[in-house]
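Source file: query.cif; contents: mmCIF, C-alpha atoms, pLDDT in the B column; chains and numbers go by the auth columns.
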```
data_query
loop_
_atom_site.group_PDB
_atom_site.id
_atom_site.type_symbol
_atom_site.label_atom_id
_atom_site.label_comp_id
_atom_site.label_asym_id
_atom_site.label_seq_id
_atom_site.Cartn_x
_atom_site.Cartn_y
_atom_site.Cartn_z
_atom_site.B_iso_or_equiv
_atom_site.auth_seq_id
_atom_site.auth_asym_id
ATOM 1 C CA MET A 1 14.136 88.707 129.035 73.00 133 A
ATOM 2 C CA HIS A 2 17.010 91.132 129.489 84.00 134 A
ATOM 3 C CA ASP A 3 19.683 91.678 126.894 85.00 135 A
ATOM 4 C CA LEU A 4 22.589 92.782 129.098 87.00 136 A
ATOM 5 C CA THR A 5 26.049 93.657 127.849 88.00 137 A
ATOM 6 C CA PRO A 6 29.031 93.742 130.216 87.00 138 A
ATOM 7 C CA ILE A 7 30.958 97.011 130.410 94.00 139 A
ATOM 8 C CA THR A 8 34.319 97.947 131.843 96.00 140 A
ATOM 9 C CA PRO A 9 34.618 100.176 134.927 97.00 141 A
ATOM 10 C CA LEU A 10 35.099 103.090 132.505 97.00 142 A
ATOM 11 C CA GLY A 11 31.771 102.217 130.868 96.00 143 A
ATOM 12 C CA GLN A 12 33.082 100.832 127.598 96.00 144 A
ATOM 13 C CA SER A 13 32.808 97.503 125.831 95.00 145 A
ATOM 14 C CA ALA A 14 36.604 97.051 125.753 96.00 146 A
ATOM 15 C CA PRO A 15 39.331 98.085 128.204 97.00 147 A
ATOM 16 C CA GLN A 16 40.772 101.578 127.761 97.00 148 A
ATOM 17 C CA ILE A 17 44.477 101.796 126.877 98.00 149 A
ATOM 18 C CA ASP A 18 46.300 105.148 126.854 98.00 150 A
ATOM 19 C CA THR A 19 49.951 105.843 126.078 98.00 151 A
ATOM 20 C CA VAL A 20 51.865 109.026 126.827 98.00 152 A
ATOM 21 C CA ALA A 21 55.521 109.070 125.769 97.00 153 A
ATOM 22 C CA GLU A 22 56.806 105.619 126.789 97.00 154 A
ATOM 23 C CA LEU A 23 54.274 104.927 129.555 98.00 155 A
ATOM 24 C CA THR A 24 51.036 103.011 129.010 98.00 156 A
ATOM 25 C CA CYS A 25 47.990 103.003 131.291 98.00 157 A
ATOM 26 C CA SER A 26 45.809 99.940 130.694 98.00 158 A
ATOM 27 C CA GLU A 27 42.429 99.294 132.235 98.00 159 A
ATOM 28 C CA HIS A 28 42.688 95.704 133.504 96.00 160 A
ATOM 29 C CA CYS A 29 39.264 94.045 133.557 95.00 161 A
ATOM 30 C CA GLU A 30 40.177 90.368 133.890 95.00 162 A
ATOM 31 C CA LEU A 31 40.874 90.345 137.611 96.00 163 A
ATOM 32 C CA ALA A 32 38.737 88.447 140.132 97.00 164 A
ATOM 33 C CA LEU A 33 39.109 89.777 143.685 98.00 165 A
ATOM 34 C CA ALA A 34 38.175 88.613 147.179 98.00 166 A
ATOM 35 C CA SER A 35 38.974 90.113 150.569 98.00 167 A
ATOM 36 C CA VAL A 36 39.966 87.852 153.440 98.00 168 A
ATOM 37 C CA THR A 37 39.879 88.810 157.120 98.00 169 A
ATOM 38 C CA ALA A 38 41.034 86.314 159.728 98.00 170 A
ATOM 39 C CA ARG A 39 38.545 85.748 162.523 98.00 171 A
ATOM 40 C CA LEU A 40 39.514 86.592 166.083 98.00 172 A
ATOM 41 C CA GLY A 41 41.506 83.777 167.633 98.00 173 A
ATOM 42 C CA LYS A 42 41.946 81.989 164.285 98.00 174 A
ATOM 43 C CA GLU A 43 44.627 84.193 162.749 98.00 175 A
ATOM 44 C CA LYS A 44 47.319 81.492 162.649 98.00 176 A
ATOM 45 C CA LYS A 45 44.958 78.858 161.215 98.00 177 A
ATOM 46 C CA CYS A 46 43.814 81.340 158.566 98.00 178 A
ATOM 47 C CA ALA A 47 47.406 82.186 157.612 98.00 179 A
ATOM 48 C CA ALA A 48 48.196 78.464 157.361 98.00 180 A
ATOM 49 C CA ALA A 49 45.160 77.806 155.163 98.00 181 A
ATOM 50 C CA LEU A 50 46.059 80.742 152.905 98.00 182 A
ATOM 51 C CA LYS A 51 49.665 79.546 152.706 97.00 183 A
ATOM 52 C CA LYS A 52 48.399 76.209 151.424 97.00 184 A
ATOM 53 C CA LEU A 53 46.168 77.948 148.854 97.00 185 A
ATOM 54 C CA LEU A 54 48.782 80.483 147.729 96.00 186 A
ATOM 55 C CA GLY A 55 51.791 78.165 147.829 95.00 187 A
ATOM 56 C CA ALA A 56 53.636 80.757 149.931 96.00 188 A
ATOM 57 C CA ALA A 57 53.202 82.654 153.174 96.00 189 A
ATOM 58 C CA VAL A 58 50.711 85.512 153.154 97.00 190 A
ATOM 59 C CA PRO A 59 52.342 88.898 152.574 97.00 191 A
ATOM 60 C CA ASP A 60 53.348 91.022 155.542 97.00 192 A
ATOM 61 C CA ALA A 61 52.544 94.710 155.959 97.00 193 A
ATOM 62 C CA GLY A 62 53.495 96.720 152.898 96.00 194 A
ATOM 63 C CA LYS A 63 53.975 93.637 150.742 97.00 195 A
ATOM 64 C CA ALA A 64 52.276 91.714 147.959 97.00 196 A
ATOM 65 C CA LEU A 65 52.637 88.177 146.706 96.00 197 A
ATOM 66 C CA LEU A 66 52.839 88.284 142.929 91.00 198 A
ATOM 67 C CA SER A 67 52.280 84.748 141.710 88.00 199 A
ATOM 68 C CA ALA A 68 49.853 82.536 139.851 88.00 200 A
ATOM 69 C CA PRO A 69 47.182 81.469 139.976 94.00 201 A
ATOM 70 C CA TYR A 70 46.619 83.681 143.052 95.00 202 A
ATOM 71 C CA SER A 71 48.187 86.957 144.059 96.00 203 A
ATOM 72 C CA ALA A 72 47.698 88.634 147.440 97.00 204 A
ATOM 73 C CA VAL A 73 48.103 92.125 148.873 97.00 205 A
ATOM 74 C CA TRP A 74 48.326 92.909 152.569 97.00 206 A
ATOM 75 C CA ALA A 75 45.329 95.136 153.399 96.00 207 A
ATOM 76 C CA GLY A 76 45.569 95.410 157.186 96.00 208 A
ATOM 77 C CA PRO A 77 46.369 93.313 160.244 97.00 209 A
ATOM 78 C CA ASP A 78 45.301 89.769 159.337 98.00 210 A
ATOM 79 C CA GLN A 79 43.588 91.072 156.178 98.00 211 A
ATOM 80 C CA TRP A 80 44.444 90.474 152.527 98.00 212 A
ATOM 81 C CA MET A 81 43.043 91.119 149.068 98.00 213 A
ATOM 82 C CA LEU A 82 43.429 88.050 146.847 98.00 214 A
ATOM 83 C CA GLY A 83 43.324 88.233 143.067 97.00 215 A
ATOM 84 C CA ALA A 84 43.309 85.778 140.178 97.00 216 A
ATOM 85 C CA ASP A 85 42.421 85.625 136.502 96.00 217 A
ATOM 86 C CA ILE A 86 38.657 85.910 136.152 95.00 218 A
ATOM 87 C CA ALA A 87 38.587 83.372 133.297 95.00 219 A
ATOM 88 C CA THR A 88 39.634 80.608 135.691 95.00 220 A
ATOM 89 C CA HIS A 89 38.555 82.045 139.063 96.00 221 A
ATOM 90 C CA GLU A 90 35.288 83.881 138.444 95.00 222 A
ATOM 91 C CA ASP A 91 33.990 82.429 141.713 96.00 223 A
ATOM 92 C CA ILE A 92 37.133 83.419 143.645 97.00 224 A
ATOM 93 C CA SER A 93 35.305 84.153 146.895 97.00 225 A
ATOM 94 C CA ALA A 94 33.789 80.648 146.994 97.00 226 A
ATOM 95 C CA LEU A 95 37.169 79.079 146.189 97.00 227 A
ATOM 96 C CA VAL A 96 38.908 81.057 148.920 98.00 228 A
ATOM 97 C CA LYS A 97 36.102 80.397 151.418 98.00 229 A
ATOM 98 C CA ASP A 98 36.448 76.657 150.774 98.00 230 A
ATOM 99 C CA ALA A 99 40.181 76.947 151.475 98.00 231 A
ATOM 100 C CA VAL A 100 39.954 78.947 154.720 98.00 232 A
ATOM 101 C CA GLY A 101 36.730 77.485 156.140 98.00 233 A
ATOM 102 C CA ASP A 102 35.634 79.137 159.371 98.00 234 A
ATOM 103 C CA THR A 103 39.039 80.739 160.029 98.00 235 A
ATOM 104 C CA ALA A 104 38.193 83.879 158.032 98.00 236 A
ATOM 105 C CA SER A 105 35.469 86.034 156.585 98.00 237 A
ATOM 106 C CA VAL A 106 35.646 86.223 152.789 98.00 238 A
ATOM 107 C CA THR A 107 33.839 88.760 150.625 98.00 239 A
ATOM 108 C CA GLU A 108 33.554 89.062 146.852 97.00 240 A
ATOM 109 C CA GLN A 109 35.286 92.243 145.631 97.00 241 A
ATOM 110 C CA THR A 110 35.571 91.770 141.857 95.00 242 A
ATOM 111 C CA ASP A 111 33.083 94.426 140.781 93.00 243 A
ATOM 112 C CA ALA A 112 33.900 96.787 143.650 97.00 244 A
ATOM 113 C CA TRP A 113 37.327 97.735 142.313 98.00 245 A
ATOM 114 C CA CYS A 114 38.823 99.022 139.095 98.00 246 A
ATOM 115 C CA CYS A 115 42.376 98.229 138.084 98.00 247 A
ATOM 116 C CA PHE A 116 44.848 100.254 136.055 98.00 248 A
ATOM 117 C CA ASP A 117 48.263 98.914 135.073 97.00 249 A
ATOM 118 C CA LEU A 118 51.071 101.370 134.357 98.00 250 A
ATOM 119 C CA SER A 119 53.827 99.875 132.246 97.00 251 A
ATOM 120 C CA GLY A 120 56.886 101.334 130.575 97.00 252 A
ATOM 121 C CA GLN A 121 59.236 104.212 131.306 96.00 253 A
ATOM 122 C CA GLY A 122 58.321 107.208 133.473 95.00 254 A
ATOM 123 C CA ILE A 123 56.432 105.611 136.352 95.00 255 A
ATOM 124 C CA GLU A 124 58.337 107.424 139.115 94.00 256 A
ATOM 125 C CA PRO A 125 57.510 111.022 138.143 95.00 257 A
ATOM 126 C CA VAL A 126 53.898 110.082 137.404 96.00 258 A
ATOM 127 C CA MET A 127 53.443 108.409 140.790 96.00 259 A
ATOM 128 C CA GLU A 128 55.067 111.402 142.513 94.00 260 A
ATOM 129 C CA LEU A 129 52.299 113.597 141.096 95.00 261 A
ATOM 130 C CA LEU A 130 49.546 111.098 141.931 96.00 262 A
ATOM 131 C CA CYS A 131 50.254 110.225 145.553 96.00 263 A
ATOM 132 C CA ASN A 132 52.607 110.471 148.509 94.00 264 A
ATOM 133 C CA ILE A 133 54.540 107.244 148.019 92.00 265 A
ATOM 134 C CA ASP A 134 58.216 107.154 147.119 91.00 266 A
ATOM 135 C CA MET A 135 58.500 104.864 144.091 90.00 267 A
ATOM 136 C CA ARG A 136 62.294 105.161 144.233 89.00 268 A
ATOM 137 C CA ARG A 137 62.241 103.189 147.489 92.00 269 A
ATOM 138 C CA MET A 138 59.772 100.532 146.306 94.00 270 A
ATOM 139 C CA ALA A 139 60.893 97.144 145.081 95.00 271 A
ATOM 140 C CA SER A 140 59.075 94.354 143.306 95.00 272 A
ATOM 141 C CA GLY A 141 56.479 92.940 145.671 96.00 273 A
ATOM 142 C CA ASP A 142 56.004 96.133 147.689 97.00 274 A
ATOM 143 C CA ALA A 143 52.447 97.373 148.125 97.00 275 A
ATOM 144 C CA THR A 144 50.760 100.201 149.955 95.00 276 A
ATOM 145 C CA ARG A 145 47.403 101.787 150.472 95.00 277 A
ATOM 146 C CA THR A 146 47.353 105.472 149.672 96.00 278 A
ATOM 147 C CA THR A 147 45.130 108.285 148.482 97.00 279 A
ATOM 148 C CA ILE A 148 45.011 109.169 144.794 97.00 280 A
ATOM 149 C CA HIS A 149 42.697 112.005 143.777 95.00 281 A
ATOM 150 C CA HIS A 150 40.869 111.733 147.144 95.00 282 A
ATOM 151 C CA LEU A 151 40.304 107.991 146.583 97.00 283 A
ATOM 152 C CA GLY A 152 41.580 105.150 148.755 97.00 284 A
ATOM 153 C CA CYS A 153 43.724 103.001 146.444 97.00 285 A
ATOM 154 C CA PHE A 154 46.139 100.084 146.571 97.00 286 A
ATOM 155 C CA VAL A 155 49.433 100.538 144.709 97.00 287 A
ATOM 156 C CA VAL A 156 51.331 97.322 143.950 97.00 288 A
ATOM 157 C CA CYS A 157 54.861 97.463 142.551 96.00 289 A
ATOM 158 C CA GLY A 158 55.602 94.687 140.085 93.00 290 A
ATOM 159 C CA ASP A 159 58.814 96.280 138.820 89.00 291 A
ATOM 160 C CA PRO A 160 59.806 99.777 139.999 80.00 292 A
ATOM 161 C CA ASP A 161 61.291 100.519 136.579 82.00 293 A
ATOM 162 C CA GLY A 162 58.434 99.238 134.487 92.00 294 A
ATOM 163 C CA PHE A 163 55.177 98.031 136.111 96.00 295 A
ATOM 164 C CA VAL A 164 52.764 99.300 138.772 97.00 296 A
ATOM 165 C CA ARG A 165 49.174 98.214 139.412 97.00 297 A
ATOM 166 C CA ILE A 166 46.649 100.623 140.912 98.00 298 A
ATOM 167 C CA LEU A 167 43.400 99.349 142.411 98.00 299 A
ATOM 168 C CA GLY A 168 40.728 101.922 143.201 98.00 300 A
ATOM 169 C CA PRO A 169 36.992 102.062 143.814 98.00 301 A
ATOM 170 C CA ARG A 170 35.037 101.107 140.692 97.00 302 A
ATOM 171 C CA ALA A 171 32.411 103.790 141.318 97.00 303 A
ATOM 172 C CA SER A 172 35.183 106.389 140.838 98.00 304 A
ATOM 173 C CA ALA A 173 37.007 104.715 137.948 98.00 305 A
ATOM 174 C CA GLY A 174 36.528 107.743 135.675 98.00 306 A
ATOM 175 C CA SER A 175 38.015 110.136 138.251 98.00 307 A
ATOM 176 C CA LEU A 176 40.940 107.830 138.957 98.00 308 A
ATOM 177 C CA HIS A 177 41.618 107.338 135.240 98.00 309 A
ATOM 178 C CA HIS A 178 41.472 111.110 134.687 98.00 310 A
ATOM 179 C CA ALA A 179 43.962 111.684 137.528 98.00 311 A
ATOM 180 C CA ILE A 180 46.368 109.069 136.137 98.00 312 A
ATOM 181 C CA LEU A 181 46.214 110.503 132.600 98.00 313 A
ATOM 182 C CA THR A 182 46.627 114.064 133.879 98.00 314 A
ATOM 183 C CA ALA A 183 49.716 113.045 135.833 98.00 315 A
ATOM 184 C CA MET A 184 51.106 111.188 132.805 98.00 316 A
ATOM 185 C CA ARG A 185 50.608 114.210 130.543 98.00 317 A
ATOM 186 C CA SER A 186 52.099 116.564 133.148 97.00 318 A
ATOM 187 C CA ALA A 187 55.158 114.471 134.046 96.00 319 A
ATOM 188 C CA LEU A 188 56.140 113.024 130.672 95.00 320 A
#
```
Any chance you could put this one into C-alpha coordinates?
Amino acid sequence: MHDLTPITPLGQSAPQIDTVAELTCSEHCELALASVTARLGKEKKCAAALKKLLGAAVPDAGKALLSAPYSAVWAGPDQWMLGADIATHEDISALVKDAVGDTASVTEQTDAWCCFDLSGQGIEPVMELLCNIDMRRMASGDATRTTIHHLGCFVVCGDPDGFVRILGPRASAGSLHHAILTAMRSAL
(Lines of atoms letter the chains of each structure in order from A and count residues from 1; the text may use other names and numbers.)
(Lines give C-alpha, C1' and ligand atoms only; values in the text may rest on other atoms or scores of the structure.)
Protein backbone atom coordinates (compact mmCIF):
# COMPACT_ATOMS: atom_id res chain seq x y z
CA MET A 1 0.00 0.00 0.00
CA HIS A 2 1.25 3.46 -0.89
CA ASP A 3 1.43 6.30 1.58
CA LEU A 4 1.10 9.29 -0.76
CA THR A 5 1.07 12.91 0.34
CA PRO A 6 -0.26 15.64 -1.95
CA ILE A 7 2.12 18.48 -2.78
CA THR A 8 1.65 21.89 -4.32
CA PRO A 9 3.01 22.72 -7.79
CA LEU A 10 6.05 24.20 -6.00
CA GLY A 11 6.61 20.86 -4.27
CA GLN A 12 5.56 21.83 -0.77
CA SER A 13 2.90 20.62 1.64
CA ALA A 14 1.30 24.08 1.86
CA PRO A 15 0.91 26.87 -0.71
CA GLN A 16 3.79 29.35 -0.96
CA ILE A 17 2.99 32.98 -0.08
CA ASP A 18 5.54 35.76 -0.71
CA THR A 19 5.18 39.47 -0.04
CA VAL A 20 7.38 42.25 -1.39
CA ALA A 21 6.48 45.78 -0.31
CA GLU A 22 2.67 45.87 -0.58
CA LEU A 23 2.28 43.12 -3.19
CA THR A 24 1.63 39.47 -2.32
CA CYS A 25 2.13 36.47 -4.60
CA SER A 26 0.10 33.47 -3.42
CA GLU A 27 0.26 29.99 -4.85
CA HIS A 28 -3.40 29.05 -5.36
CA CYS A 29 -3.87 25.28 -5.13
CA GLU A 30 -7.64 24.98 -4.69
CA LEU A 31 -8.61 25.45 -8.32
CA ALA A 32 -10.20 22.70 -10.44
CA LEU A 33 -9.78 23.30 -14.18
CA ALA A 34 -11.26 21.87 -17.38
CA SER A 35 -10.79 22.93 -20.99
CA VAL A 36 -13.77 23.02 -23.33
CA THR A 37 -13.58 23.05 -27.12
CA ALA A 38 -16.77 23.24 -29.15
CA ARG A 39 -17.07 20.56 -31.81
CA LEU A 40 -17.29 21.57 -35.45
CA GLY A 41 -20.84 22.50 -36.37
CA LYS A 42 -21.98 22.53 -32.72
CA GLU A 43 -20.47 25.83 -31.62
CA LYS A 44 -23.81 27.55 -30.94
CA LYS A 45 -25.23 24.56 -29.03
CA CYS A 46 -22.04 24.38 -26.96
CA ALA A 47 -22.20 28.10 -26.15
CA ALA A 48 -25.85 27.70 -25.13
CA ALA A 49 -25.07 24.73 -22.89
CA LEU A 50 -22.18 26.61 -21.26
CA LYS A 51 -24.39 29.67 -20.77
CA LYS A 52 -26.84 27.49 -18.86
CA LEU A 53 -24.01 26.04 -16.73
CA LEU A 54 -22.26 29.37 -16.10
CA GLY A 55 -25.38 31.50 -15.68
CA ALA A 56 -23.97 33.95 -18.24
CA ALA A 57 -22.72 33.97 -21.81
CA VAL A 58 -19.28 32.50 -22.41
CA PRO A 59 -16.53 35.13 -22.50
CA ASP A 60 -15.47 36.60 -25.82
CA ALA A 61 -11.87 36.97 -26.99
CA GLY A 62 -9.70 38.65 -24.39
CA LYS A 63 -12.29 38.25 -21.64
CA ALA A 64 -12.99 36.18 -18.56
CA LEU A 65 -16.14 35.48 -16.60
CA LEU A 66 -15.35 35.89 -12.93
CA SER A 67 -18.22 34.32 -11.02
CA ALA A 68 -19.14 31.42 -8.79
CA PRO A 69 -19.31 28.55 -8.74
CA TYR A 70 -17.69 28.55 -12.21
CA SER A 71 -15.34 31.01 -13.83
CA ALA A 72 -14.30 30.90 -17.49
CA VAL A 73 -11.47 32.30 -19.60
CA TRP A 74 -11.54 32.57 -23.37
CA ALA A 75 -8.69 30.38 -24.68
CA GLY A 76 -9.26 30.51 -28.44
CA PRO A 77 -12.06 30.46 -31.00
CA ASP A 78 -14.84 28.39 -29.41
CA GLN A 79 -12.46 27.32 -26.60
CA TRP A 80 -12.57 28.13 -22.90
CA MET A 81 -10.84 27.18 -19.66
CA LEU A 82 -13.38 26.70 -16.86
CA GLY A 83 -12.43 26.84 -13.20
CA ALA A 84 -14.13 26.21 -9.87
CA ASP A 85 -13.26 25.50 -6.25
CA ILE A 86 -11.74 22.04 -6.02
CA ALA A 87 -13.51 21.32 -2.72
CA THR A 88 -16.88 21.33 -4.48
CA HIS A 89 -15.87 20.59 -8.09
CA GLU A 90 -13.01 18.09 -7.91
CA ASP A 91 -14.60 16.24 -10.83
CA ILE A 92 -15.05 19.44 -12.88
CA SER A 93 -14.44 17.77 -16.24
CA ALA A 94 -17.23 15.23 -15.64
CA LEU A 95 -19.59 17.99 -14.49
CA VAL A 96 -18.85 20.12 -17.54
CA LYS A 97 -19.07 17.13 -19.89
CA ASP A 98 -22.52 16.32 -18.49
CA ALA A 99 -23.57 19.92 -19.18
CA VAL A 100 -22.28 20.17 -22.77
CA GLY A 101 -22.90 16.58 -23.91
CA ASP A 102 -21.66 15.89 -27.43
CA THR A 103 -21.38 19.59 -28.35
CA ALA A 104 -17.80 19.87 -27.04
CA SER A 105 -14.66 18.03 -26.10
CA VAL A 106 -13.79 18.45 -22.42
CA THR A 107 -10.43 17.63 -20.85
CA GLU A 108 -9.32 17.64 -17.22
CA GLN A 109 -6.67 20.34 -16.64
CA THR A 110 -6.46 20.65 -12.85
CA ASP A 111 -2.99 19.17 -12.37
CA ALA A 112 -1.63 20.54 -15.65
CA TRP A 113 -1.56 24.16 -14.48
CA CYS A 114 -0.21 26.14 -11.57
CA CYS A 115 -1.87 29.31 -10.36
CA PHE A 116 -0.37 32.39 -8.75
CA ASP A 117 -2.49 35.26 -7.46
CA LEU A 118 -0.96 38.73 -7.22
CA SER A 119 -2.80 40.98 -4.81
CA GLY A 120 -2.08 44.42 -3.42
CA GLN A 121 -0.30 47.51 -4.68
CA GLY A 122 2.34 47.47 -7.43
CA ILE A 123 0.89 45.04 -9.95
CA GLU A 124 1.43 47.27 -13.00
CA PRO A 125 5.22 47.66 -12.79
CA VAL A 126 5.63 43.98 -11.93
CA MET A 127 3.55 42.85 -14.91
CA GLU A 128 5.48 45.24 -17.18
CA LEU A 129 8.67 43.37 -16.28
CA LEU A 130 7.06 39.94 -16.63
CA CYS A 131 5.31 40.16 -19.99
CA ASN A 132 4.21 42.32 -22.90
CA ILE A 133 0.70 43.17 -21.73
CA ASP A 134 -0.37 46.67 -20.78
CA MET A 135 -1.98 46.38 -17.34
CA ARG A 136 -2.93 50.07 -17.49
CA ARG A 137 -5.39 49.24 -20.27
CA MET A 138 -6.84 46.12 -18.61
CA ALA A 139 -10.10 46.19 -16.71
CA SER A 140 -11.76 43.68 -14.43
CA GLY A 141 -12.72 40.66 -16.50
CA ASP A 142 -10.01 41.11 -19.13
CA ALA A 143 -7.82 38.10 -19.86
CA THR A 144 -5.03 37.29 -22.26
CA ARG A 145 -2.60 34.57 -23.14
CA THR A 146 1.00 35.72 -23.10
CA THR A 147 4.54 34.54 -22.54
CA ILE A 148 6.13 34.89 -19.11
CA HIS A 149 9.69 33.63 -18.73
CA HIS A 150 9.35 31.64 -22.00
CA LEU A 151 6.17 29.97 -20.70
CA GLY A 152 2.70 30.18 -22.23
CA CYS A 153 0.49 31.66 -19.49
CA PHE A 154 -3.01 33.04 -18.99
CA VAL A 155 -3.26 36.40 -17.21
CA VAL A 156 -6.69 37.23 -15.78
CA CYS A 157 -7.40 40.70 -14.39
CA GLY A 158 -9.72 40.65 -11.40
CA ASP A 159 -9.01 44.26 -10.44
CA PRO A 160 -6.31 46.24 -12.28
CA ASP A 161 -5.41 48.05 -9.06
CA GLY A 162 -5.29 45.04 -6.80
CA PHE A 163 -5.70 41.49 -8.19
CA VAL A 164 -4.29 39.47 -11.09
CA ARG A 165 -4.29 35.69 -11.55
CA ILE A 166 -1.55 33.97 -13.55
CA LEU A 167 -2.00 30.42 -14.81
CA GLY A 168 1.07 28.65 -16.15
CA PRO A 169 2.26 25.11 -16.83
CA ARG A 170 2.61 23.12 -13.61
CA ALA A 171 5.80 21.43 -14.81
CA SER A 172 7.43 24.90 -14.83
CA ALA A 173 5.88 26.25 -11.63
CA GLY A 174 9.29 26.85 -10.03
CA SER A 175 10.53 28.88 -13.01
CA LEU A 176 7.33 30.90 -13.19
CA HIS A 177 7.39 31.58 -9.44
CA HIS A 178 11.05 32.64 -9.67
CA ALA A 179 10.23 35.04 -12.53
CA ILE A 180 7.32 36.58 -10.60
CA LEU A 181 9.40 37.06 -7.43
CA THR A 182 12.32 38.50 -9.40
CA ALA A 183 10.01 41.01 -11.06
CA MET A 184 8.45 41.90 -7.69
CA ARG A 185 11.86 42.49 -6.10
CA SER A 186 13.06 44.51 -9.11
CA ALA A 187 9.97 46.71 -9.51
CA LEU A 188 8.98 47.36 -5.90
**OP:** Could you expand the PyMOL selection byres ((chain A and resi 172-188) around 6) into the explicit residues it covers here, written as a PyMOL selection string?
**Re:** chain A and resi 170-171+189+232+235
Original post:
Ala271 (chain A): which residues within 12 Å, counting all atoms listed in the file, same-chain residues fewer than 2 positions away excluded, as a list in words?
Top reply: Gly194, Lys195, Ala196, Asp266, Met267, Arg268, Arg269, Gly273, Asp274, Ala275, Thr276, Val287, Val288, Cys289, Gly290, Asp291, Pro292, Asp293, Gly294, Phe295 and Val296 of chain A
Take every atom of region 205-223 of chain A listed in the file, fit an axis-aligned box around them, add 8 Å per side, and give the centre and edge lengths in Å to one decimal as lines of an AutoDock Vina configuration file.
```
center_x = 41.2
center_y = 88.0
center_z = 146.8
size_x = 30.3
size_y = 30.8
size_z = 42.9
```
Taking the file above as input, evaluate the PyMOL selection byres ((chain A and resi 155) around 10) and report the hits as a PDB file with C-alpha atoms, keeping the file's coordinate frame.
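Contents of selection12.pdb, freshly written:
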```
ATOM      1  CA  ASP A 150      46.300 105.148 126.854  1.00 98.00           C
ATOM      2  CA  THR A 151      49.951 105.843 126.078  1.00 98.00           C
ATOM      3  CA  VAL A 152      51.865 109.026 126.827  1.00 98.00           C
ATOM      4  CA  ALA A 153      55.521 109.070 125.769  1.00 97.00           C
ATOM      5  CA  GLU A 154      56.806 105.619 126.789  1.00 97.00           C
ATOM      6  CA  THR A 156      51.036 103.011 129.010  1.00 98.00           C
ATOM      7  CA  CYS A 157      47.990 103.003 131.291  1.00 98.00           C
ATOM      8  CA  SER A 158      45.809  99.940 130.694  1.00 98.00           C
ATOM      9  CA  LEU A 250      51.071 101.370 134.357  1.00 98.00           C
ATOM     10  CA  SER A 251      53.827  99.875 132.246  1.00 97.00           C
ATOM     11  CA  GLY A 252      56.886 101.334 130.575  1.00 97.00           C
ATOM     12  CA  GLN A 253      59.236 104.212 131.306  1.00 96.00           C
ATOM     13  CA  GLY A 254      58.321 107.208 133.473  1.00 95.00           C
ATOM     14  CA  ILE A 255      56.432 105.611 136.352  1.00 95.00           C
ATOM     15  CA  VAL A 258      53.898 110.082 137.404  1.00 96.00           C
ATOM     16  CA  GLY A 294      58.434  99.238 134.487  1.00 92.00           C
ATOM     17  CA  PHE A 295      55.177  98.031 136.111  1.00 96.00           C
ATOM     18  CA  MET A 316      51.106 111.188 132.805  1.00 98.00           C
ATOM     19  CA  LEU A 320      56.140 113.024 130.672  1.00 95.00           C
TER      20      LEU A 320
END
```
Subject >> Near-region 307-314 of chain A list (7 Å; all atoms listed in the file; drop same-chain fewer than 3 positions) as a list in words >> reply: Leu262, His281, Ser304, Arg317 and Ser318 of chain A
**OP:** On this file, the PyMOL selection byres ((chain A and resi 246) around 7) gives some set of residues; write that set as an MDAnalysis selection string.
**Re:** chainID A and resid 141 245 247:248 299:302 305
**OP:** One decimal, Å: what's the distance from CA of Val168 (chain A) over to CA of Gln148 (chain A), could you say?
**Re:**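 Going from CA of Val168 (chain A) over to CA of Gln148 (chain A) covers 29.1 Å.
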Original post:
Suppose you want the space between CA of Asp243 (chain A) and CA of Thr169 (chain A); what is it in Å?
Top reply: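 So the answer is 18.6 Å.
Coordinates place CA of Trp212 (chain A) at a distance of 8.4 Å from CA of Ala166 (chain A).
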Original post:
Using all atoms listed in the file, which residue out of A:Ala200, A:Met259, A:Ala219, A:Ala244 lies closest to Thr140 (chain A)?
Top reply: A:Ala244
**OP:** List the residues sitting within 8 Å of (40.5, 87.8, 129.1) in the file's frame, using only C-alpha atoms, as an MDAnalysis selection string.
**Re:** chainID A and resid 161:162 217:219
